[in-house]
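input-v3.txt follows; it contains compact mmCIF, C-alpha atoms.
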# COMPACT_ATOMS: atom_id res chain seq x y z
CA MET A 1 -86.74 -10.29 -50.62
CA LEU A 2 -88.15 -7.92 -48.07
CA SER A 3 -91.71 -9.02 -48.66
CA VAL A 4 -90.65 -12.62 -48.18
CA LEU A 5 -88.97 -11.72 -44.92
CA ASN A 6 -91.93 -9.70 -43.77
CA GLY A 7 -94.15 -12.59 -44.69
CA LEU A 8 -92.10 -14.86 -42.51
CA ASN A 9 -92.40 -12.44 -39.63
CA SER A 10 -95.89 -13.38 -38.74
CA LEU A 11 -95.22 -17.04 -38.21
CA THR A 12 -91.75 -17.40 -36.73
CA LEU A 13 -89.98 -16.86 -33.43
CA ALA A 14 -87.42 -14.37 -34.60
CA SER A 15 -88.52 -11.33 -36.45
CA LEU A 16 -86.84 -9.22 -39.04
CA GLU A 17 -87.79 -5.70 -39.97
CA VAL A 18 -86.22 -3.48 -42.53
CA GLY A 19 -87.65 -0.09 -43.30
CA HIS A 20 -89.76 0.15 -40.20
CA HIS A 21 -88.69 3.00 -37.99
CA PHE A 22 -89.50 4.27 -34.58
CA TYR A 23 -90.35 7.83 -35.60
CA TRP A 24 -89.98 10.81 -33.35
CA GLN A 25 -91.61 14.05 -34.35
CA LEU A 26 -89.52 17.17 -33.72
CA GLY A 27 -91.57 20.13 -34.83
CA ASN A 28 -92.31 19.15 -38.39
CA LEU A 29 -89.18 17.03 -38.71
CA LYS A 30 -89.20 13.27 -38.47
CA VAL A 31 -86.25 11.43 -37.01
CA HIS A 32 -85.50 7.76 -36.50
CA GLY A 33 -85.67 7.34 -32.76
CA GLN A 34 -84.12 3.89 -32.62
CA VAL A 35 -80.97 5.15 -34.33
CA PHE A 36 -80.57 7.92 -31.80
CA LEU A 37 -81.23 5.64 -28.86
CA THR A 38 -78.47 3.23 -29.82
CA SER A 39 -76.14 6.04 -30.90
CA TRP A 40 -76.61 7.62 -27.50
CA PHE A 41 -75.71 4.32 -25.95
CA VAL A 42 -72.57 4.17 -28.11
CA ILE A 43 -71.67 7.77 -27.31
CA GLY A 44 -72.27 7.13 -23.62
CA LEU A 45 -70.01 4.10 -23.74
CA LEU A 46 -67.22 6.06 -25.41
CA VAL A 47 -67.57 9.00 -23.04
CA VAL A 48 -67.63 6.79 -19.96
CA ALA A 49 -64.61 4.83 -21.16
CA SER A 50 -62.76 8.08 -21.87
CA LEU A 51 -63.64 9.53 -18.50
CA LEU A 52 -62.58 6.36 -16.71
CA ALA A 53 -59.33 6.29 -18.65
CA THR A 54 -58.43 9.90 -17.96
CA ARG A 55 -59.84 10.15 -14.44
CA ASN A 56 -56.60 9.21 -12.75
CA ILE A 57 -53.81 9.47 -15.27
CA GLN A 58 -50.63 7.65 -14.37
CA ARG A 59 -47.28 7.66 -16.05
CA ILE A 60 -47.33 3.87 -15.90
CA PRO A 61 -50.76 3.04 -17.28
CA SER A 62 -52.90 0.22 -16.05
CA GLY A 63 -56.38 -1.13 -16.59
CA ILE A 64 -58.73 1.06 -18.59
CA GLN A 65 -56.11 3.77 -19.13
CA ASN A 66 -53.82 1.21 -20.71
CA PHE A 67 -56.61 -0.04 -22.93
CA MET A 68 -57.64 3.43 -24.09
CA GLU A 69 -54.01 4.36 -24.67
CA TYR A 70 -53.75 1.31 -26.86
CA ALA A 71 -56.83 2.48 -28.76
CA LEU A 72 -55.40 5.98 -29.10
CA GLU A 73 -52.08 4.67 -30.34
CA PHE A 74 -53.89 2.53 -32.88
CA ILE A 75 -55.79 5.57 -34.12
CA ARG A 76 -52.67 7.72 -34.17
CA ASP A 77 -50.82 5.10 -36.17
CA LEU A 78 -53.73 4.87 -38.60
CA ALA A 79 -53.78 8.65 -39.06
CA LYS A 80 -49.99 8.84 -39.23
CA ASN A 81 -49.78 6.14 -41.88
CA GLN A 82 -52.26 7.95 -44.09
CA LEU A 83 -51.47 11.60 -43.42
CA GLY A 84 -47.79 11.50 -42.67
CA GLU A 85 -45.87 12.49 -39.58
CA LYS A 86 -46.16 16.21 -40.23
CA ASP A 87 -49.91 16.73 -40.67
CA TYR A 88 -51.61 13.94 -38.82
CA ARG A 89 -52.09 15.47 -35.37
CA PRO A 90 -54.99 17.88 -36.01
CA TRP A 91 -56.91 15.09 -37.76
CA VAL A 92 -56.60 12.47 -35.05
CA PRO A 93 -59.82 13.50 -33.28
CA PHE A 94 -61.91 13.38 -36.45
CA ILE A 95 -60.52 10.14 -37.82
CA GLY A 96 -60.34 8.58 -34.38
CA THR A 97 -63.93 9.47 -33.59
CA LEU A 98 -65.01 8.05 -36.94
CA PHE A 99 -63.26 4.80 -36.15
CA LEU A 100 -64.41 4.56 -32.55
CA PHE A 101 -68.00 5.53 -33.26
CA ILE A 102 -68.36 3.14 -36.19
CA PHE A 103 -66.50 0.35 -34.46
CA VAL A 104 -68.45 0.56 -31.21
CA SER A 105 -71.70 0.97 -33.15
CA ASN A 106 -71.01 -2.09 -35.28
CA TRP A 107 -69.98 -4.22 -32.38
CA SER A 108 -72.85 -3.08 -30.24
CA GLY A 109 -75.11 -4.16 -33.07
CA ALA A 110 -73.39 -7.51 -33.29
CA LEU A 111 -72.92 -8.22 -29.60
CA ILE A 112 -75.83 -6.65 -27.76
CA PRO A 113 -79.21 -8.27 -28.28
CA TRP A 114 -80.98 -4.99 -28.92
CA LYS A 115 -83.95 -6.77 -30.34
CA LEU A 116 -84.96 -8.00 -26.92
CA LEU A 117 -85.92 -4.42 -26.06
CA ARG A 118 -89.25 -3.91 -27.67
CA LEU A 119 -90.10 -0.59 -29.27
CA PRO A 120 -93.59 0.49 -30.33
CA GLU A 121 -92.40 0.37 -33.92
CA GLY A 122 -89.21 -0.67 -35.67
CA GLU A 123 -86.37 -2.25 -33.72
CA LEU A 124 -83.11 -1.25 -32.13
CA ALA A 125 -79.96 -2.05 -34.08
CA ALA A 126 -76.52 -0.68 -34.71
CA PRO A 127 -76.74 3.02 -35.60
CA THR A 128 -74.63 2.26 -38.66
CA ASN A 129 -77.29 0.09 -40.20
CA ASP A 130 -79.35 3.18 -40.86
CA ILE A 131 -78.48 4.91 -44.12
CA ASN A 132 -78.87 8.32 -42.48
CA THR A 133 -75.99 7.66 -40.11
CA THR A 134 -73.59 6.40 -42.73
CA VAL A 135 -74.44 9.20 -45.16
CA ALA A 136 -73.99 11.73 -42.38
CA LEU A 137 -70.55 10.33 -41.60
CA ALA A 138 -69.60 10.17 -45.27
CA LEU A 139 -70.73 13.76 -45.92
CA LEU A 140 -68.75 14.90 -42.90
CA THR A 141 -65.75 13.13 -44.39
CA SER A 142 -66.30 14.98 -47.66
CA LEU A 143 -66.53 18.30 -45.83
CA ALA A 144 -63.42 17.37 -43.88
CA TYR A 145 -61.34 16.73 -46.95
CA PHE A 146 -62.59 19.87 -48.68
CA TYR A 147 -61.73 21.82 -45.57
CA ALA A 148 -58.31 20.14 -45.40
CA GLY A 149 -57.62 20.94 -49.05
CA PHE A 150 -58.68 24.57 -48.81
CA SER A 151 -56.94 25.26 -45.52
CA LYS A 152 -53.74 23.71 -46.79
CA ARG A 153 -53.61 24.93 -50.38
CA GLY A 154 -56.17 27.71 -50.62
CA LEU A 155 -57.76 28.05 -54.04
CA GLY A 156 -54.88 26.01 -55.43
CA TYR A 157 -56.98 23.10 -54.27
CA PHE A 158 -59.03 23.40 -57.46
CA LYS A 159 -55.92 22.69 -59.47
CA LYS A 160 -56.26 19.05 -58.54
CA TYR A 161 -59.30 18.84 -60.85
CA ILE A 162 -57.25 19.72 -63.92
CA GLU A 163 -53.85 18.74 -62.62
CA PRO A 164 -52.58 15.88 -64.76
CA THR A 165 -54.84 16.85 -67.67
CA PRO A 166 -58.12 18.81 -67.95
CA ILE A 167 -59.59 15.89 -69.87
CA LEU A 168 -60.13 14.11 -66.59
CA LEU A 169 -62.09 17.03 -65.15
CA PRO A 170 -65.47 15.24 -65.30
CA ILE A 171 -64.03 12.21 -63.60
CA ALA A 172 -62.36 14.35 -60.94
CA ILE A 173 -65.67 16.04 -60.22
CA LEU A 174 -67.46 12.73 -60.25
CA GLU A 175 -64.97 11.48 -57.69
CA ASP A 176 -66.24 13.98 -55.17
CA PHE A 177 -69.64 12.37 -55.43
CA THR A 178 -68.56 8.77 -55.56
CA LYS A 179 -66.36 9.07 -52.50
CA PRO A 180 -69.13 9.77 -49.96
CA LEU A 181 -71.48 7.49 -51.87
CA SER A 182 -69.11 4.54 -51.72
CA LEU A 183 -68.13 5.25 -48.14
CA SER A 184 -71.70 5.41 -46.90
CA PHE A 185 -73.06 2.52 -48.93
CA ARG A 186 -70.15 0.25 -48.13
CA LEU A 187 -70.68 0.69 -44.42
CA PHE A 188 -74.46 0.63 -44.60
CA GLY A 189 -74.53 -2.38 -46.88
CA ASN A 190 -72.07 -4.41 -44.90
CA ILE A 191 -73.69 -3.84 -41.54
CA LEU A 192 -77.23 -4.25 -42.77
CA ALA A 193 -76.33 -7.33 -44.78
CA ASP A 194 -74.57 -8.85 -41.81
CA GLU A 195 -77.57 -8.28 -39.56
CA LEU A 196 -79.88 -9.63 -42.24
CA VAL A 197 -77.80 -12.75 -42.75
CA VAL A 198 -77.71 -13.40 -39.02
CA ALA A 199 -81.45 -12.75 -38.74
CA VAL A 200 -82.28 -15.00 -41.66
CA LEU A 201 -80.11 -17.79 -40.29
CA VAL A 202 -81.73 -17.38 -36.89
CA LEU A 203 -85.08 -17.64 -38.62
CA LEU A 204 -84.11 -20.85 -40.34
CA VAL A 205 -81.97 -22.56 -37.66
CA PRO A 206 -82.39 -20.90 -34.30
CA LEU A 207 -79.49 -22.52 -32.43
CA PHE A 208 -75.70 -22.57 -32.90
CA VAL A 209 -75.66 -22.50 -36.70
CA PRO A 210 -75.70 -18.68 -36.86
CA LEU A 211 -72.72 -18.46 -34.50
CA PRO A 212 -69.96 -18.67 -37.15
CA VAL A 213 -71.78 -16.04 -39.19
CA MET A 214 -72.02 -13.86 -36.10
CA ALA A 215 -68.28 -14.24 -35.54
CA LEU A 216 -67.72 -13.34 -39.17
CA GLY A 217 -70.02 -10.37 -38.57
CA LEU A 218 -67.79 -9.18 -35.72
CA PHE A 219 -64.83 -9.43 -38.04
CA THR A 220 -66.45 -7.54 -40.92
CA SER A 221 -67.76 -4.93 -38.48
CA ALA A 222 -64.26 -4.22 -37.26
CA ILE A 223 -62.90 -4.21 -40.81
CA GLN A 224 -65.59 -1.80 -41.96
CA ALA A 225 -64.76 0.65 -39.16
CA LEU A 226 -61.10 0.40 -40.09
CA VAL A 227 -61.84 0.83 -43.79
CA PHE A 228 -64.04 3.86 -43.22
CA ALA A 229 -61.48 5.60 -41.02
CA THR A 230 -58.57 4.69 -43.27
CA LEU A 231 -60.34 5.89 -46.41
CA ALA A 232 -61.37 9.12 -44.71
CA ALA A 233 -57.75 9.71 -43.73
CA ALA A 234 -56.59 8.82 -47.23
CA TYR A 235 -59.06 11.29 -48.81
CA ILE A 236 -57.93 14.03 -46.45
CA HIS A 237 -54.33 13.28 -47.28
CA GLU A 238 -55.05 13.34 -50.99
CA ALA A 239 -56.80 16.69 -50.65
CA MET A 240 -53.88 18.16 -48.76
CA GLU A 241 -51.15 16.82 -51.00
CA GLY A 242 -52.77 16.80 -54.42
CA HIS A 243 -51.94 14.22 -57.04
CA GLY A 244 -48.59 13.18 -58.35
CA GLY A 245 -45.56 15.43 -58.18
CA GLU A 246 -46.07 17.30 -54.95
CA GLU A 247 -46.58 14.10 -53.08
CA HIS A 248 -43.25 12.66 -54.15
CA GLU A 249 -41.59 15.96 -53.40
CA ASP A 250 -43.05 15.88 -49.95
CA HIS A 251 -42.00 12.33 -49.23
CA SER A 252 -38.44 12.94 -50.34
CA HIS A 253 -37.55 15.27 -47.50
CA MET B 254 -84.69 1.44 -46.22
CA PHE B 255 -83.53 4.60 -47.95
CA ASP B 256 -85.70 7.18 -46.26
CA PHE B 257 -83.62 10.22 -45.54
CA ASP B 258 -84.96 12.65 -43.03
CA ALA B 259 -83.81 14.90 -40.21
CA THR B 260 -81.88 11.98 -38.74
CA LEU B 261 -79.05 12.73 -41.16
CA PRO B 262 -78.16 16.31 -40.16
CA LEU B 263 -78.85 15.62 -36.52
CA MET B 264 -76.57 12.60 -36.62
CA ALA B 265 -73.88 14.70 -38.29
CA VAL B 266 -74.18 17.37 -35.62
CA GLN B 267 -74.18 14.73 -32.93
CA PHE B 268 -71.10 13.16 -34.40
CA LEU B 269 -69.27 16.49 -34.51
CA LEU B 270 -70.23 17.13 -30.89
CA LEU B 271 -68.93 13.69 -30.01
CA ALA B 272 -65.66 14.44 -31.79
CA VAL B 273 -65.28 17.72 -29.90
CA LEU B 274 -66.18 16.07 -26.59
CA LEU B 275 -63.82 13.16 -27.13
CA ASN B 276 -61.11 15.58 -28.17
CA ALA B 277 -61.48 17.29 -24.81
CA ILE B 278 -61.79 14.21 -22.60
CA PHE B 279 -59.92 11.54 -24.54
CA TYR B 280 -57.55 12.58 -27.33
CA LYS B 281 -55.98 15.62 -25.71
CA PRO B 282 -55.27 14.24 -22.24
CA LEU B 283 -54.10 10.84 -23.43
CA THR B 284 -52.01 12.30 -26.26
CA LYS B 285 -50.40 14.54 -23.69
CA VAL B 286 -49.71 11.52 -21.51
CA LEU B 287 -48.20 9.62 -24.42
CA ASP B 288 -46.01 12.55 -25.45
CA ASP B 289 -44.95 13.18 -21.87
CA ARG B 290 -44.06 9.56 -21.48
CA ASP B 291 -42.12 9.60 -24.73
CA ASN B 292 -40.20 12.63 -23.51
CA TYR B 293 -39.62 11.06 -20.14
CA ILE B 294 -38.34 7.86 -21.71
CA ARG B 295 -36.20 9.75 -24.19
CA THR B 296 -34.54 11.92 -21.55
CA ASN B 297 -34.10 8.97 -19.25
CA GLU B 298 -32.58 6.97 -22.04
CA ALA B 299 -30.21 9.80 -22.93
CA GLN B 300 -29.19 10.16 -19.31
CA ALA B 301 -28.71 6.44 -18.98
CA ARG B 302 -26.61 6.36 -22.14
CA GLU B 303 -24.52 9.22 -20.81
CA ARG B 304 -24.06 7.45 -17.51
CA LEU B 305 -23.20 4.23 -19.26
CA SER B 306 -20.53 5.91 -21.34
CA LYS B 307 -19.18 7.60 -18.24
CA ALA B 308 -19.09 4.30 -16.42
CA GLU B 309 -17.37 2.65 -19.35
CA MET B 310 -14.80 5.44 -19.41
CA LEU B 311 -14.23 5.02 -15.70
CA ALA B 312 -13.90 1.29 -16.08
CA LYS B 313 -11.34 1.77 -18.83
CA GLN B 314 -9.46 4.23 -16.66
CA TYR B 315 -9.48 1.81 -13.77
CA GLU B 316 -8.31 -0.97 -15.96
CA GLU B 317 -5.44 1.17 -17.15
CA GLN B 318 -4.54 2.03 -13.60
CA LEU B 319 -4.79 -1.60 -12.67
CA ALA B 320 -2.48 -2.59 -15.51
CA ASN B 321 -0.04 0.12 -14.48
CA ALA B 322 -0.09 -1.04 -10.89
CA ARG B 323 0.43 -4.61 -12.00
CA ARG B 324 3.37 -3.60 -14.15
CA GLN B 325 4.89 -1.62 -11.30
CA SER B 326 4.43 -4.44 -8.86
CA GLN B 327 6.07 -6.88 -11.27
CA ASN B 328 8.97 -4.46 -11.65
CA LEU B 329 9.23 -4.19 -7.89
CA ILE B 330 9.17 -7.94 -7.50
CA ALA B 331 11.85 -8.36 -10.14
CA ILE B 332 14.03 -5.75 -8.46
CA ALA B 333 13.48 -7.32 -5.07
CA GLN B 334 14.31 -10.77 -6.40
CA ASP B 335 17.43 -9.38 -8.00
CA ASP B 336 18.46 -7.71 -4.77
CA ALA B 337 17.76 -10.83 -2.79
CA ARG B 338 19.81 -12.87 -5.19
CA LYS B 339 22.69 -10.42 -4.92
CA ILE B 340 22.50 -10.29 -1.15
CA GLY B 341 22.34 -14.03 -0.96
CA ALA B 342 25.36 -14.36 -3.23
CA THR B 343 27.45 -11.93 -1.19
CA LYS B 344 26.34 -13.58 2.04
CA ILE B 345 27.32 -16.98 0.70
CA ALA B 346 30.62 -15.66 -0.53
CA GLU B 347 31.34 -14.06 2.83
CA ALA B 348 30.41 -17.20 4.67
CA GLN B 349 32.61 -19.27 2.40
CA LYS B 350 35.48 -16.83 2.91
CA GLU B 351 35.03 -16.95 6.66
CA ALA B 352 34.82 -20.69 6.64
CA GLN B 353 37.95 -20.81 4.54
CA ALA B 354 39.71 -18.50 6.96
CA GLN B 355 38.63 -20.52 9.95
CA ARG B 356 39.71 -23.67 8.31
CA GLU B 357 43.07 -22.22 7.49
CA GLN B 358 43.42 -20.94 11.03
CA ALA B 359 42.51 -24.32 12.39
CA GLN B 360 44.94 -25.94 9.99
CA SER B 361 47.77 -23.67 11.09
CA GLU B 362 46.91 -24.27 14.71
CA ILE B 363 46.98 -27.99 14.11
CA ASP B 364 50.28 -27.67 12.32
CA ARG B 365 51.74 -25.58 15.11
CA GLN B 366 50.58 -27.98 17.76
CA LYS B 367 51.90 -30.87 15.71
CA GLN B 368 55.20 -29.07 15.45
CA GLU B 369 55.24 -28.45 19.18
CA ALA B 370 54.31 -32.01 19.91
CA MET B 371 57.01 -33.27 17.59
CA GLN B 372 59.53 -30.93 19.16
CA ARG B 373 58.56 -32.04 22.60
CA LEU B 374 58.70 -35.60 21.43
CA GLU B 375 62.12 -35.11 19.98
CA GLU B 376 63.30 -33.59 23.22
CA GLN B 377 61.94 -36.55 25.04
CA VAL B 378 63.48 -38.94 22.53
CA ASP B 379 66.97 -37.96 23.70
CA SER B 380 66.23 -38.43 27.36
CA LEU B 381 64.23 -41.55 26.75
CA SER B 382 66.87 -43.07 24.58
CA ARG B 383 69.46 -42.20 27.29
CA GLN B 384 67.25 -43.84 29.88
CA ILE B 385 66.82 -46.88 27.65
CA LEU B 386 70.54 -47.03 27.20
CA GLU B 387 71.06 -46.66 30.89
CA LYS B 388 68.60 -49.44 31.49
CA LEU B 389 70.26 -51.66 28.98
CA LEU B 390 73.91 -50.95 29.53
CA GLY B 391 73.92 -49.51 32.97
CA PRO B 392 74.60 -45.95 33.90
CA GLU B 393 78.35 -46.35 34.26
CA LEU B 394 78.79 -47.35 30.78
CA VAL B 395 76.54 -44.70 29.47
CA ASN B 396 77.93 -41.81 31.42
CA ARG B 397 81.41 -42.58 30.46

Using C-alpha cells, write down the structure from this file.
Amino acid sequence: MLSVLNGLNSLTLASLEVGHHFYWQLGNLKVHGQVFLTSWFVIGLLVVASLLATRNIQRIPSGIQNFMEYALEFIRDLAKNQLGEKDYRPWVPFIGTLFLFIFVSNWSGALIPWKLLRLPEGELAAPTNDINTTVALALLTSLAYFYAGFSKRGLGYFKKYIEPTPILLPIAILEDFTKPLSLSFRLFGNILADELVVAVLVLLVPLFVPLPVMALGLFTSAIQALVFATLAAAYIHEAMEGHGGEEHEDHSH
Amino acid sequence: MFDFDATLPLMAVQFLLLAVLLNAIFYKPLTKVLDDRDNYIRTNEAQARERLSKAEMLAKQYEEQLANARRQSQNLIAIAQDDARKIGATKIAEAQKEAQAQREQAQSEIDRQKQEAMQRLEEQVDSLSRQILEKLLGPELVNR
C-alpha cells in the first residue's frame, strides 16, 4: 500500500508520506523532529490555556476559566468513575494529562493543516501518529499501574498473578505486555489510519468529499483520547484493587 | 513506520514534565477553586436551610399568635355584643316603664280634670236649671 501511495506522490497535488521523518541528531541519538515540533505546539497550547485559566481565578468562573474548569471536571469524573471516590485524586494529573495531551494532539492533527508547513524531510502531523509517542505513553501507563499496585499493596501486588488460580499465571503475565501493546497500537493505528484515509480521499477527490471523513476523524480522535485515558485509569484501578473479592469488599462500604 | 529511537524516552520524559507542569499550573489551582466553591456552596446552603427553617418557625409562631388574637377579638366582640344587647334591653324596659308611668300620670290627670269639670258642671247645673226655671216660670214662682 505504501509503495502505491509513494508512487502517487510524484504526480498529484496532495502528498502522503509514511515512514519519512525529519531527523534530528542529538549526540549519537536520532529523534523525530516533526513529532517534537508538534508536541511542543500541543504542550504550549495546554500551558497557555492553563495559565490563562488560572491567571485571574474567580469564584464565579467565566470565559477560559469556565472552559478549563469544565475540562477539569470532565477529567475528575473520568478518574473518579474508574478509580473510585477514595483514590482518584492523586491520579488526576496523570490521567488528565494523558487525556488532554492525546486529545489536543489528535485534534491538532485533524484541524490544523500542518502539511502546509514544509519541512526538509517528512511532514508535520499529530504527535500521536508516531509510534514512539504512543508507545511512550503506553509504557508510562504500565509504569503507573505497577507503581500504583506496589504503593498500595506492597509485594502483595504479585498475588494478583496467581490470585484466582495459578493456572492463569502465564496469561496474567502476558496481560502486562498486551496492555501497553494494545494501548499504543490502538491509538497509533486509529490516528494514522484516519490521517491516511483523509489523505487518500484528498488525493482522489480534492474538494468536499473528504469533509465527512474529516468530521468522523475528529470524532474518533476524541474517542481515542477518551479510551486511552479511561483504560489507563481502569488499569491503575485494577492494580490497586486486585481481582475479584477485594473489589467487592471495597465497594460494599 | 515502526522505527523506534530516542524519540520514545524523550517523549516519555517530556510527557512526565508536562504532567508535573500542568499539575502545578492547572490541576492544583483549579481543583482548589472547585473544592473551595463546593465548600462555599455547601456552607451557604446549610446556612440558607437553617435560615429557612428559622423563618418557617417564626411564620408558624406568628400564625399561632394571629389565630390567638383572632380568637380573642371574636370573644371580645361576642362579649361586647352581649353587653350591648343587655344594655339595650334594660334601656328599652326602662323607657317602656317610664312611658307607662307617664301615660298613667296623664290618665289620672285627665280623670281628675274630668272629675273637676263634671263637678263644676254639676254645680252649674243647679244654678242654670234655677235660672231656666226662673226664666220660664218667673222668679216669684220659683222662689216661693

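For the pair CA of Ile191 (chain A) and CA of Asn106 (chain A), the separation is 7.0 Å.
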
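Nearest-residue note for chain A: choosing from B:Leu270, B:Ala299, B:Lys388, B:Ile278, the minimum distance belongs to B:Ile278, counting all atoms listed in the file.
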
Original post:
Taking into account all atoms listed in the file, which residue in the set A:Thr38, A:Thr133, A:Gln25, A:Ser221 is nearest to chain B?
Top reply: A:Thr133

Subject >> Option closest in space to chain A, from B:Leu319, B:Leu269, B:Ala337, B:Ala352 [counting only C-alpha atoms] >> reply: B:Leu269

Original post:
Could you pull the residues within 12 Å of Phe255 (chain B), counting only C-alpha atoms, minus those fewer than 3 positions along the same chain, as an MDAnalysis selection string?
Top reply: (chainID A and resid 18:21 129:135 184:185 188:189) or (chainID B and resid 258 260:261)

Report as CSV the residues of chain B within 6 Å of chain A, each with its shortest atom pair and distance in Å (one decimal), using only C-alpha atoms, ordered by chain and increasing residue number.
residue,atom,partner,partner_atom,distance
B:Met254,CA,A:Gly19,CA,4.4
B:Phe257,CA,A:Asn132,CA,6.0
B:Ala259,CA,A:Val31,CA,5.3
B:Thr260,CA,A:Val31,CA,4.7
B:Leu261,CA,A:Asn132,CA,4.6
B:Ala265,CA,A:Ala136,CA,5.1
B:Ala272,CA,A:Thr97,CA,5.6
B:Asn276,CA,A:Pro93,CA,5.7
B:Phe279,CA,A:Ser50,CA,5.2

Original post:
What does the distance between CA of Tyr235 (chain A) and CA of Ser105 (chain A) come to in Å, to one decimal place?
Top reply: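 Separation of CA of Tyr235 (chain A) and CA of Ser105 (chain A): 22.6 Å.
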
Original post:
Of the candidates A:Ser182, A:Asn190, A:Leu124, A:Leu211, which one gets nearest to Ile112 (chain A) if we count all atoms listed in the file?
Top reply: A:Leu124

Original post:
Hey, can you check how far CA of Leu45 (chain A) sits from CA of Pro212 (chain A)?
Top reply: 26.4 Å

As an mmCIF file, keeping the file's coordinate frame, please: region 154-166 of chain A completed to N, CA, C and O atoms.
data_model
loop_
_atom_site.group_PDB
_atom_site.id
_atom_site.type_symbol
_atom_site.label_atom_id
_atom_site.label_comp_id
_atom_site.auth_asym_id
_atom_site.auth_seq_id
_atom_site.Cartn_x
_atom_site.Cartn_y
_atom_site.Cartn_z
ATOM 1 N N GLY A 154 -55.381 26.576 -50.156
ATOM 2 C CA GLY A 154 -56.170 27.710 -50.620
ATOM 3 C C GLY A 154 -56.913 27.355 -51.894
ATOM 4 O O GLY A 154 -57.372 26.224 -52.068
ATOM 5 N N LEU A 155 -57.028 28.319 -52.797
ATOM 6 C CA LEU A 155 -57.760 28.050 -54.040
ATOM 7 C C LEU A 155 -56.975 27.137 -54.957
ATOM 8 O O LEU A 155 -57.519 26.600 -55.914
ATOM 9 N N GLY A 156 -55.696 26.958 -54.660
ATOM 10 C CA GLY A 156 -54.880 26.010 -55.430
ATOM 11 C C GLY A 156 -55.446 24.612 -55.347
ATOM 12 O O GLY A 156 -55.071 23.740 -56.134
ATOM 13 N N TYR A 157 -56.356 24.407 -54.402
ATOM 14 C CA TYR A 157 -56.980 23.100 -54.270
ATOM 15 C C TYR A 157 -57.684 22.708 -55.547
ATOM 16 O O TYR A 157 -57.705 21.539 -55.934
ATOM 17 N N PHE A 158 -58.271 23.714 -56.242
ATOM 18 C CA PHE A 158 -59.030 23.400 -57.460
ATOM 19 C C PHE A 158 -58.129 22.894 -58.573
ATOM 20 O O PHE A 158 -58.599 22.303 -59.522
ATOM 21 N N LYS A 159 -56.830 23.167 -58.424
ATOM 22 C CA LYS A 159 -55.920 22.690 -59.470
ATOM 23 C C LYS A 159 -55.951 21.176 -59.587
ATOM 24 O O LYS A 159 -55.658 20.624 -60.638
ATOM 25 N N LYS A 160 -56.290 20.516 -58.486
ATOM 26 C CA LYS A 160 -56.260 19.050 -58.540
ATOM 27 C C LYS A 160 -57.258 18.511 -59.555
ATOM 28 O O LYS A 160 -57.099 17.406 -60.055
ATOM 29 N N TYR A 161 -58.305 19.318 -59.882
ATOM 30 C CA TYR A 161 -59.300 18.840 -60.850
ATOM 31 C C TYR A 161 -58.741 18.784 -62.258
ATOM 32 O O TYR A 161 -59.194 18.008 -63.085
ATOM 33 N N ILE A 162 -57.783 19.685 -62.550
ATOM 34 C CA ILE A 162 -57.250 19.720 -63.920
ATOM 35 C C ILE A 162 -55.770 19.394 -63.916
ATOM 36 O O ILE A 162 -55.078 19.635 -64.901
ATOM 37 N N GLU A 163 -55.291 18.813 -62.798
ATOM 38 C CA GLU A 163 -53.850 18.740 -62.620
ATOM 39 C C GLU A 163 -53.126 17.888 -63.675
ATOM 40 O O GLU A 163 -52.344 18.440 -64.443
ATOM 41 N N PRO A 164 -53.382 16.578 -63.739
ATOM 42 C CA PRO A 164 -52.580 15.880 -64.760
ATOM 43 C C PRO A 164 -53.022 16.341 -66.153
ATOM 44 O O PRO A 164 -52.207 16.700 -66.977
ATOM 45 N N THR A 165 -54.319 16.371 -66.375
ATOM 46 C CA THR A 165 -54.840 16.850 -67.670
ATOM 47 C C THR A 165 -56.295 17.268 -67.482
ATOM 48 O O THR A 165 -57.036 16.616 -66.745
ATOM 49 N N PRO A 166 -56.725 18.356 -68.105
ATOM 50 C CA PRO A 166 -58.120 18.810 -67.950
ATOM 51 C C PRO A 166 -59.129 17.815 -68.493
ATOM 52 O O PRO A 166 -60.316 17.909 -68.177
#
